[in-house]
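Heads up, the thing below is written out as structure tokens.
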Amino acid sequence: MRVFVFFACLIFANVGAVASQGSQKHIKIVHPQKSITVELAETYDERALGLMFRDSLCAECGMLFTFEAPRQVAFWMRNTYIPLDIAYIDASGKIVMIAALEPLSEQSVKSPPGVKYALEMNRG
């Protein structure tokens, strides 16, 4: 869980250039101790698809969901095979909740109100 706190701060303080691979956009977050590559999900369709239908996610990768305005959001794991953790983040970059997501679960995991970002990474 400490990794999420560490990376949430980096998302807003030390973001590398945005790179595109096909239609996917990625941000490289670099820190002397660790770096990750975060795929951006900025549109409704990108957020709806999320990490569905993937068999794996590299150890240093994740997906950052961005929302137009702060609000309460909910995520589920339909068609998602990877055990994930999700960090719900407010507009200031503060993590307000972290939850474990179970593969293939259709149980919604709601955030508190006021979420601007959600970061999914491999469990742990």
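The way I read the labels, and the way they are meant: chains A, B, ... in the order of the structure tokens, residue 1 as the first residue of every chain, and ligand 1 as the first ligand shown, with later ones counted on from there.
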Residue list (strand (DSSP E), DSSP) for chain A, as a ChimeraX atom specification: /A:15-21,24-30,35-41,61-71,74-75,84-90,95-101,109-110,115-122
Residues of chain A in alpha helix (DSSP H), written as number ranges by chain: A: 2-13, 44-49
Long-range neighbours of segment 59-63 of chain A as a PyMOL selection string, 7 Å cut-off, only C-alpha atoms, 5 positions minimum in chain: chain A and resi 35-41+119-122
Option closest in space to Leu104 of chain A, from A:Gln72, A:Ser92, A:Thr80, A:Gln24 [counting only C-alpha atoms]: A:Thr80
Which segment 37-60 of chain A residues have any atom within 12 Å of an atom of segment 96-103 of chain A, and for each, what is the nearest pair of atoms with distance in Å to one decimal, counting only C-alpha atoms, rows sorted by chain and number, as JSON lines?
{"residue": "A:Leu51", "atom": "CA", "partner": "A:Pro103", "partner_atom": "CA", "distance": 10.8}
{"residue": "A:Met52", "atom": "CA", "partner": "A:Pro103", "partner_atom": "CA", "distance": 9.9}
{"residue": "A:Phe53", "atom": "CA", "partner": "A:Pro103", "partner_atom": "CA", "distance": 10.9}
{"residue": "A:Arg54", "atom": "CA", "partner": "A:Pro103", "partner_atom": "CA", "distance": 11.0}
{"residue": "A:Asp55", "atom": "CA", "partner": "A:Pro103", "partner_atom": "CA", "distance": 10.7}
{"residue": "A:Ser56", "atom": "CA", "partner": "A:Pro103", "partner_atom": "CA", "distance": 11.6}
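With only C-alpha atoms as the atoms that count, the minimum distance from Gly50 of chain A to the choices A:Phe67, A:Tyr88, A:Trp76, A:Tyr117 is reached by A:Trp76.
Shortest separation to Val73 of chain A among A:Ile95, A:Ile89, A:Cys58, A:Leu49 occurs at residue A:Ile89, atoms counted being only C-alpha atoms.
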